[in-house]
>>> print(open('structure_21.cif').read())   # mmCIF, C-alpha atoms
data_model
#
loop_
_atom_site.label_atom_id
_atom_site.label_comp_id
_atom_site.auth_asym_id
_atom_site.auth_seq_id
_atom_site.Cartn_x
_atom_site.Cartn_y
_atom_site.Cartn_z
CA MET A 1 7.10 35.36 -13.02
CA GLN A 2 4.22 37.79 -12.55
CA ARG A 3 4.04 41.56 -13.13
CA HIS A 4 3.64 43.59 -9.93
CA ASP A 5 3.86 47.03 -8.40
CA GLY A 6 5.21 45.95 -5.03
CA PRO A 7 8.51 46.85 -3.33
CA THR A 8 11.83 46.63 -5.13
CA GLY A 9 13.14 43.08 -5.18
CA LEU A 10 9.70 41.46 -4.86
CA VAL A 11 9.43 38.23 -6.83
CA ILE A 12 6.05 36.64 -7.49
CA ARG A 13 6.30 33.10 -8.81
CA PRO A 14 4.13 29.99 -9.15
CA GLN A 15 3.75 27.99 -5.96
CA GLU A 16 5.78 24.83 -5.50
CA ASP A 17 5.79 21.95 -3.03
CA ARG A 18 8.75 23.55 -1.23
CA ASP A 19 6.40 26.36 -0.11
CA ALA A 20 4.43 24.05 2.19
CA ALA A 21 5.99 25.18 5.48
CA ALA A 22 5.84 28.90 4.70
CA ALA A 23 2.31 28.74 3.28
CA THR A 24 1.02 26.85 6.30
CA ALA A 25 2.67 29.30 8.70
CA LEU A 26 1.09 32.24 6.84
CA ARG A 27 -2.37 30.66 7.09
CA ARG A 28 -2.01 30.13 10.82
CA GLU A 29 -0.69 33.67 11.29
CA ALA A 30 -3.71 35.09 9.46
CA ASP A 31 -6.13 33.04 11.57
CA ASP A 32 -4.87 31.39 14.74
CA ALA A 33 -8.08 29.33 14.92
CA GLU A 34 -7.24 27.49 11.71
CA VAL A 35 -5.88 23.96 11.87
CA ALA A 36 -3.47 23.64 8.96
CA THR A 37 -0.50 21.32 8.40
CA GLU A 38 2.15 20.97 5.73
CA ALA A 39 0.89 17.47 4.93
CA GLY A 40 -2.60 18.83 4.37
CA TRP A 41 -1.35 21.64 2.13
CA LEU A 42 0.65 19.19 -0.01
CA HIS A 43 -2.31 16.82 -0.21
CA ARG A 44 -4.59 19.56 -1.49
CA ARG A 45 -1.99 20.53 -4.12
CA SER A 46 -1.86 16.92 -5.30
CA ARG A 47 -5.64 16.92 -5.88
CA ILE A 48 -5.75 19.98 -8.16
CA GLN A 49 -7.39 19.21 -11.50
CA PRO A 50 -7.40 21.27 -14.73
CA ARG A 51 -11.12 22.03 -14.36
CA HIS A 52 -10.39 23.81 -11.05
CA ARG A 53 -8.58 26.53 -13.10
CA PHE A 54 -6.34 26.97 -10.09
CA LEU A 55 -3.52 29.49 -9.70
CA GLY A 56 -1.19 29.52 -6.70
CA LEU A 57 1.35 32.32 -6.29
CA THR A 58 4.19 32.84 -3.82
CA ALA A 59 5.75 36.24 -3.08
CA GLU A 60 9.40 36.43 -1.99
CA LEU A 61 11.63 39.25 -0.77
CA GLY A 62 15.31 38.49 -0.46
CA GLY A 63 14.57 34.79 -0.87
CA GLU A 64 12.09 34.80 2.05
CA VAL A 65 8.45 33.85 1.48
CA VAL A 66 6.38 36.81 2.67
CA ALA A 67 2.97 36.16 1.11
CA ILE A 68 0.86 33.62 -0.75
CA GLY A 69 -2.16 33.89 -3.00
CA GLN A 70 -4.51 31.34 -4.51
CA ALA A 71 -7.56 31.45 -6.74
CA GLY A 72 -9.76 29.19 -8.82
CA VAL A 73 -13.28 28.51 -10.00
CA ASN A 74 -15.88 27.16 -7.58
CA VAL A 75 -16.46 23.61 -8.79
CA GLU A 76 -19.06 22.81 -6.08
CA THR A 77 -21.84 25.00 -7.47
CA THR A 78 -23.91 25.30 -10.63
CA THR A 79 -23.81 29.10 -10.31
CA PRO A 80 -22.13 30.36 -13.52
CA GLY A 81 -18.89 32.28 -13.09
CA ALA A 82 -18.49 31.62 -9.34
CA SER A 83 -14.90 31.66 -8.13
CA TRP A 84 -12.77 32.16 -5.01
CA ALA A 85 -9.49 33.78 -4.05
CA THR A 86 -7.35 34.29 -0.96
CA VAL A 87 -4.27 36.35 -0.07
CA LYS A 88 -2.11 36.03 3.06
CA VAL A 89 0.74 38.45 3.85
CA THR A 90 2.99 38.16 6.88
CA SER A 91 2.35 41.00 9.35
CA ALA A 92 5.87 42.46 9.12
CA ARG A 93 5.49 43.00 5.36
CA ARG A 94 2.02 44.50 5.13
CA ARG A 95 1.29 47.97 3.72
CA GLN A 96 4.09 47.58 1.15
CA GLY A 97 1.99 46.68 -1.88
CA ILE A 98 2.68 42.94 -1.70
CA GLY A 99 -0.92 41.94 -1.05
CA SER A 100 -2.12 44.27 -3.79
CA ALA A 101 0.30 42.75 -6.28
CA LEU A 102 -0.97 39.24 -5.53
CA HIS A 103 -4.59 40.41 -5.50
CA ASP A 104 -4.29 41.98 -8.96
CA ALA A 105 -2.50 38.95 -10.43
CA LEU A 106 -5.19 36.59 -9.10
CA LEU A 107 -7.99 38.74 -10.51
CA ASP A 108 -6.22 38.83 -13.88
CA HIS A 109 -6.20 35.02 -13.81
CA LEU A 110 -9.89 34.80 -12.88
CA ARG A 111 -10.80 37.15 -15.75
CA GLU A 112 -8.84 34.96 -18.14
CA VAL A 113 -10.74 31.83 -17.10
CA GLY A 114 -14.14 33.53 -17.38
CA ALA A 115 -15.02 33.99 -13.71
CA LYS A 116 -17.69 36.60 -12.93
CA GLU A 117 -17.95 36.79 -9.12
CA VAL A 118 -15.27 35.98 -6.54
CA THR A 119 -15.57 35.31 -2.82
CA THR A 120 -13.15 34.85 0.06
CA LEU A 121 -13.42 33.65 3.67
CA ALA A 122 -11.24 35.42 6.23
CA ARG A 123 -10.75 36.09 9.90
CA ARG A 124 -12.20 39.57 10.32
CA THR A 125 -9.96 42.44 11.41
CA GLU A 126 -10.52 46.14 10.85
CA GLU A 127 -7.27 46.37 8.90
CA ALA A 128 -8.18 43.48 6.58
CA GLU A 129 -11.70 44.72 5.96
CA ARG A 130 -10.51 48.26 5.15
CA TRP A 131 -7.96 46.82 2.71
CA ALA A 132 -10.61 44.70 1.00
CA THR A 133 -13.26 47.44 0.88
CA VAL A 134 -10.90 49.80 -0.95
CA ARG A 135 -10.47 47.08 -3.59
CA GLY A 136 -14.18 46.63 -4.21
CA TRP A 137 -15.00 43.80 -1.82
CA ARG A 138 -18.18 43.84 0.28
CA ARG A 139 -19.55 41.71 3.09
CA LEU A 140 -21.76 38.83 2.02
CA LEU A 141 -21.98 36.75 5.21
CA THR A 142 -20.71 37.16 8.75
CA GLY A 143 -20.53 34.70 11.59
CA PRO A 144 -19.02 34.61 15.06
CA LEU A 145 -15.87 32.58 15.58
CA ILE A 146 -16.52 30.54 18.72
CA ALA A 147 -14.44 28.26 20.93
CA LEU A 148 -14.99 25.51 23.50
CA ASP A 149 -13.00 23.18 25.75
CA PRO A 150 -14.37 19.83 24.50
CA ARG A 151 -13.58 18.17 27.85
CA THR A 152 -16.70 19.90 29.22
CA VAL A 153 -19.11 18.32 26.72
CA PRO A 154 -21.41 15.51 27.96
CA GLU A 155 -21.82 12.15 26.24
CA PRO A 156 -24.12 12.11 23.21
CA SER A 157 -27.63 10.79 23.66
CA PRO A 158 -29.06 9.98 20.22
CA PRO A 159 -32.73 8.93 20.01
CA PRO A 160 -33.58 5.22 20.03
CA GLY A 161 -32.64 3.51 16.77
CA PHE A 162 -29.75 5.89 16.04
CA GLU A 163 -26.04 5.39 16.76
CA CYS A 164 -22.96 7.66 16.71
CA LEU A 165 -19.88 6.17 15.03
CA SER A 166 -16.48 7.52 14.14
CA MET A 167 -16.09 7.96 10.41
CA SER A 168 -13.08 5.63 10.47
CA ALA A 169 -15.35 2.89 11.91
CA PHE A 170 -18.00 3.53 9.26
CA ASP A 171 -15.73 2.89 6.30
CA ARG A 172 -18.23 3.54 3.50
CA PRO A 173 -17.06 6.79 1.92
CA GLU A 174 -19.58 6.62 -0.92
CA ALA A 175 -22.45 6.61 1.58
CA ILE A 176 -20.97 9.49 3.58
CA PHE A 177 -20.51 11.41 0.33
CA GLU A 178 -24.20 11.00 -0.51
CA LEU A 179 -25.14 12.21 2.96
CA THR A 180 -22.83 15.21 2.66
CA ARG A 181 -23.96 16.08 -0.88
CA ILE A 182 -27.63 16.18 0.10
CA ALA A 183 -27.29 17.71 3.56
CA ILE A 184 -25.17 20.74 2.61
CA VAL A 185 -27.26 22.06 -0.28
CA ASP A 186 -29.27 24.47 1.90
CA GLU A 187 -26.37 25.60 4.08
CA PRO A 188 -26.14 29.43 4.03
CA GLY A 189 -23.46 30.65 1.66
CA PRO A 190 -22.80 33.11 -1.14
CA VAL A 191 -23.67 30.40 -3.68
CA PRO A 192 -25.34 27.00 -3.14
CA ALA A 193 -23.08 23.94 -2.89
CA ASP A 194 -25.36 22.10 -5.31
CA ASP A 195 -22.78 20.39 -7.52
CA LEU A 196 -20.47 18.56 -5.11
CA ARG A 197 -18.79 15.70 -6.99
CA TYR A 198 -17.35 12.53 -5.54
CA GLU A 199 -13.82 13.05 -6.85
CA ASP A 200 -13.60 16.49 -5.22
CA TRP A 201 -15.20 15.35 -1.96
CA LEU A 202 -12.83 12.36 -1.84
CA GLY A 203 -9.94 14.81 -1.71
CA ASP A 204 -11.43 16.28 1.47
CA TRP A 205 -12.12 12.80 2.87
CA GLU A 206 -8.46 11.82 2.35
CA ASP A 207 -7.09 15.15 3.62
CA PRO A 208 -4.69 14.39 6.50
CA ASP A 209 -5.97 17.50 8.33
CA ILE A 210 -9.37 15.79 8.73
CA ASP A 211 -9.35 13.47 11.74
CA ARG A 212 -11.65 10.61 10.74
CA ASP A 213 -11.32 8.97 14.17
CA ALA A 214 -12.90 12.03 15.83
CA SER A 215 -15.20 12.99 12.94
CA THR A 216 -18.61 11.44 13.46
CA VAL A 217 -21.45 9.94 11.49
CA VAL A 218 -24.90 9.19 12.96
CA VAL A 219 -26.50 6.10 11.45
CA HIS A 220 -30.08 4.84 11.38
CA GLY A 221 -29.57 1.16 10.72
CA GLU A 222 -27.19 1.17 7.75
CA LEU A 223 -28.15 4.68 6.60
CA PRO A 224 -25.88 7.61 7.56
CA VAL A 225 -28.12 10.57 8.40
CA ALA A 226 -25.93 13.21 10.11
CA PHE A 227 -22.24 14.08 10.36
CA ALA A 228 -19.69 16.26 12.12
CA TYR A 229 -16.21 16.82 10.66
CA VAL A 230 -13.22 17.73 12.84
CA LYS A 231 -9.63 18.78 12.14
CA ILE A 232 -7.04 18.15 14.88
CA ALA A 233 -3.45 19.32 15.33
CA GLY A 234 -2.05 18.64 18.79
CA ALA A 235 -4.13 20.26 21.52
CA ARG A 236 -6.07 22.44 19.03
CA ALA A 237 -8.91 21.47 16.76
CA GLN A 238 -11.35 22.99 14.30
CA HIS A 239 -14.94 21.87 13.81
CA VAL A 240 -15.46 22.26 10.05
CA GLY A 241 -18.97 21.06 9.29
CA THR A 242 -22.16 19.52 10.67
CA ALA A 243 -25.38 18.66 8.83
CA THR A 244 -28.36 16.32 8.86
CA LEU A 245 -30.46 14.87 6.05
CA PRO A 246 -33.57 17.07 5.68
CA ALA A 247 -35.98 14.22 6.50
CA TYR A 248 -34.20 13.57 9.82
CA ARG A 249 -33.88 17.12 11.14
CA GLY A 250 -35.43 18.22 14.42
CA ARG A 251 -34.50 15.02 16.31
CA GLY A 252 -31.27 16.17 17.99
CA LEU A 253 -29.03 14.24 15.59
CA ALA A 254 -26.71 17.16 14.79
CA THR A 255 -26.25 17.74 18.53
CA ALA A 256 -25.46 14.05 19.05
CA ALA A 257 -22.94 14.08 16.19
CA LYS A 258 -21.23 17.18 17.53
CA ARG A 259 -21.06 15.82 21.09
CA HIS A 260 -19.56 12.55 19.88
CA ALA A 261 -16.96 14.39 17.78
CA LEU A 262 -16.10 16.83 20.57
CA ARG A 263 -15.64 14.07 23.14
CA ALA A 264 -13.50 12.10 20.71
CA ALA A 265 -11.34 15.19 20.20
CA ALA A 266 -11.01 15.63 23.95
CA ALA A 267 -9.90 12.00 24.27
CA LYS A 268 -7.09 12.82 21.83
CA GLY A 269 -5.83 15.63 24.07
CA VAL A 270 -7.66 18.57 22.48
CA THR A 271 -8.32 21.40 24.95
CA ARG A 272 -9.64 24.04 22.52
CA ILE A 273 -11.82 23.63 19.47
CA THR A 274 -13.16 26.43 17.28
CA THR A 275 -15.92 26.74 14.72
CA SER A 276 -18.02 29.40 13.03
CA ASN A 277 -21.46 29.62 11.46
CA ALA A 278 -23.19 32.21 9.36
CA GLU A 279 -25.54 34.52 11.24
CA GLU A 280 -28.35 33.14 9.04
CA ASN A 281 -27.82 29.59 10.33
CA ALA A 282 -29.96 30.05 13.43
CA ALA A 283 -30.45 26.34 14.15
CA MET A 284 -26.74 25.52 14.25
CA ARG A 285 -25.91 28.63 16.24
CA ALA A 286 -28.48 27.57 18.85
CA ILE A 287 -26.89 24.10 19.08
CA ASN A 288 -23.46 25.62 19.55
CA ARG A 289 -24.69 27.91 22.33
CA LYS A 290 -26.21 24.95 24.19
CA LEU A 291 -22.93 23.06 23.86
CA GLY A 292 -21.13 25.95 25.56
CA PHE A 293 -19.23 27.58 22.68
CA GLU A 294 -18.27 31.20 23.41
CA PRO A 295 -17.32 34.01 20.97
CA VAL A 296 -13.61 34.65 20.39
CA GLY A 297 -13.70 36.56 17.10
CA GLU A 298 -15.45 36.75 13.76
CA HIS A 299 -15.24 35.20 10.32
CA VAL A 300 -16.52 36.99 7.25
CA ILE A 301 -17.20 36.04 3.63
CA LEU A 302 -16.48 38.89 1.24
CA GLY A 303 -17.29 39.11 -2.43
CA ARG A 304 -16.92 41.31 -5.49
CA PRO A 305 -17.40 41.18 -9.24
CA VAL A 306 -14.22 39.97 -10.93
CA GLU A 307 -14.59 42.89 -13.35
CA LEU A 308 -15.54 46.13 -11.60
CA SER A 309 -17.23 48.86 -13.63
#
>>> encode(input="structure_21.cif", output="structure tokens")
Amino acid sequence: MQRHDGPTGLVIRPQEDRDAAAATALRREADDAEVATEAGWLHRRSRIQPRHRFLGLTAELGGEVVAIGQAGVNVETTTPGASWATVKVTSARRRQGIGSALHDALLDHLREVGAKEVTTLARRTEEAERWATVRGWRRLLTGPLIALDPRTVPEPSPPPGFECLSMSAFDRPEAIFELTRIAIVDEPGPVPADDLRYEDWLGDWEDPDIDRDASTVVVHGELPVAFAYVKIAGARAQHVGTATLPAYRGRGLATAAKRHALRAAAAKGVTRITTSNAEENAAMRAINRKLGFEPVGEHVILGRPVELS
């Protein structure tokens, strides 16, 4: 049990598998664009390794889960001391010190494991940003949250010699890993994703929230050269990543991958798909505008030193 300064009766304890439903509901409440399922949450818990230095906390009042917090080191970068954290509090229990109690406990953990800088990705609201700013967080990256009805997207038209396939049809995860590892290194972010390892990526590949039937890979012969990942839950979906090998950029392959994935999502009954890109990612933002995505909100990456002076 963790120390805290929250309301009387607040219990903060380590997360357990039985928290899956409540944790997933809190994530969706904090960002209604997020596709998150209990199965996905449990899968990600099962993939946690000691080197992730992970801590998951659950806050209860009167036996009811009212907030969750998670933190760990960033294992996808060579940047020393990089880490991440997130806190979600149900709206009816905000402004009672619960989020602060989780926040402080997570930072204590990150200090203990030697983290230096911490980042978080969140749906931007004025309330959330004020709360974070008071606690030493600052904006690092901002990007519009955009949405589209994928039923309006035309068929992909890759250049001659290239083909769009579903990832489930291209069942060579090692090759898709190599494509992903190389293609994401220069994606805008607070730290470069320059140390993605197969065992960690495989956890994402096997995540039940990723729809491999709709997710797309563009191949040139046997070589995968571009991808588009999609999460689907019922009629809603989330586009969670697109990239192309550097040597193949400028040929419309990312657009083809996205069109193929969006049409596949539409064929599964999806009527709304969301995505977001950093303001600095001008090329991908231009592709999304041409596809017809329209702004519905904003995502923000915030950061702070783990130890403030």
>>> resolve_selection(input="structure_21.cif", expression="the PyMOL selection byres ((chain A and resi 24) around 8)", output="PyMOL selection string")
chain A and resi 20-23+25-28+36-38+41
>>> residues_around(input="structure_21.cif", residues="Ala266 in chain A", least_positions_apart="5", cutoff="7 Å", atoms="all atoms listed in the file", output="PDB file with C-alpha atoms, in the coordinates of the input")
ATOM      1  CA  PRO A 150     -14.370  19.830  24.500  1.00  0.00           C
ATOM      2  CA  ARG A 151     -13.580  18.170  27.850  1.00  0.00           C
ATOM      3  CA  THR A 271      -8.320  21.400  24.950  1.00  0.00           C
TER       4      THR A 271
END
>>> atom_distance(input="structure_21.cif", atom1="CA of Ala59 in chain A", atom2="CA of Val11 in chain A")
5.6 Å
>>> closest_residue(input="structure_21.cif", among="A:Val306, A:Ala175, A:Glu294, A:Ala33", to="Val240 in chain A", atoms="all atoms listed in the file")
A:Ala33
>>> residues_near_point(input="structure_21.cif", point="(-6.0, 23.6, -17.7)", cutoff="12 Å", atoms="all atoms listed in the file", output="number ranges by chain")
A: 48-55, 72-73, 112-113
>>> atom_distance(input="structure_21.cif", atom1="CA of Arg272 in chain A", atom2="CA of Thr255 in chain A")
18.2 Å
>>> closest_residue(input="structure_21.cif", among="A:Asp32, A:Glu178, A:Asp186, A:Glu117", to="Gly297 in chain A", atoms="only C-alpha atoms")
A:Asp32
>>> closest_residue(input="structure_21.cif", among="A:Asp171, A:Pro305, A:Cys164, A:Ser215", to="Leu110 in chain A", atoms="all atoms listed in the file")
A:Pro305
>>> residues_around(input="structure_21.cif", residues="Pro144 in chain A", least_positions_apart="5", cutoff="8 Å", atoms="only C-alpha atoms", output="ChimeraX atom specification")
/A:276-279,295-299
>>> resolve_selection(input="structure_21.cif", expression="the PyMOL selection byres ((chain A and resi 79) around 12)", output="CSV table (one decimal) with C-alpha atoms, in the coordinates of the input")
chain,number,residue,atom,x,y,z
A,73,VAL,CA,-13.3,28.5,-10.0
A,74,ASN,CA,-15.9,27.2,-7.6
A,75,VAL,CA,-16.5,23.6,-8.8
A,76,GLU,CA,-19.1,22.8,-6.1
A,77,THR,CA,-21.8,25.0,-7.5
A,78,THR,CA,-23.9,25.3,-10.6
A,80,PRO,CA,-22.1,30.4,-13.5
A,81,GLY,CA,-18.9,32.3,-13.1
A,82,ALA,CA,-18.5,31.6,-9.3
A,83,SER,CA,-14.9,31.7,-8.1
A,115,ALA,CA,-15.0,34.0,-13.7
A,116,LYS,CA,-17.7,36.6,-12.9
A,117,GLU,CA,-18.0,36.8,-9.1
A,118,VAL,CA,-15.3,36.0,-6.5
A,190,PRO,CA,-22.8,33.1,-1.1
A,191,VAL,CA,-23.7,30.4,-3.7
A,192,PRO,CA,-25.3,27.0,-3.1
A,193,ALA,CA,-23.1,23.9,-2.9
A,194,ASP,CA,-25.4,22.1,-5.3
A,195,ASP,CA,-22.8,20.4,-7.5
>>> atom_distance(input="structure_21.cif", atom1="CA of Ser100 in chain A", atom2="CA of Gly63 in chain A")
19.4 Å
>>> resolve_selection(input="structure_21.cif", expression="the PyMOL selection byres ((chain A and resi 106) around 9)", output="MDAnalysis selection string")
chainID A and resid 55:57 69:72 85:86 101:105 107:111
>>> closest_residue(input="structure_21.cif", among="A:Arg181, A:Arg285, A:Arg236, A:Arg44", to="Lys268 in chain A", atoms="only C-alpha atoms")
A:Arg236
>>> closest_residue(input="structure_21.cif", among="A:Thr58, A:Arg47, A:Leu10, A:Ala247", to="Leu202 in chain A", atoms="all atoms listed in the file")
A:Arg47
>>> closest_residue(input="structure_21.cif", among="A:Ala30, A:Gly234, A:Pro188, A:Val270", to="Ala283 in chain A", atoms="only C-alpha atoms")
A:Pro188
>>> residues_near_point(input="structure_21.cif", point="(-13.5, 39.7, 5.1)", cutoff="9 Å", atoms="all atoms listed in the file", output="list in words")
Thr120, Leu121, Ala122, Arg123, Arg124, Thr125, Ala128, Glu129, Ala132, Thr133, Trp137, Arg138, Arg139, Leu140, Leu141, Thr142, His299, Val300, Ile301, Leu302 and Gly303 of chain A
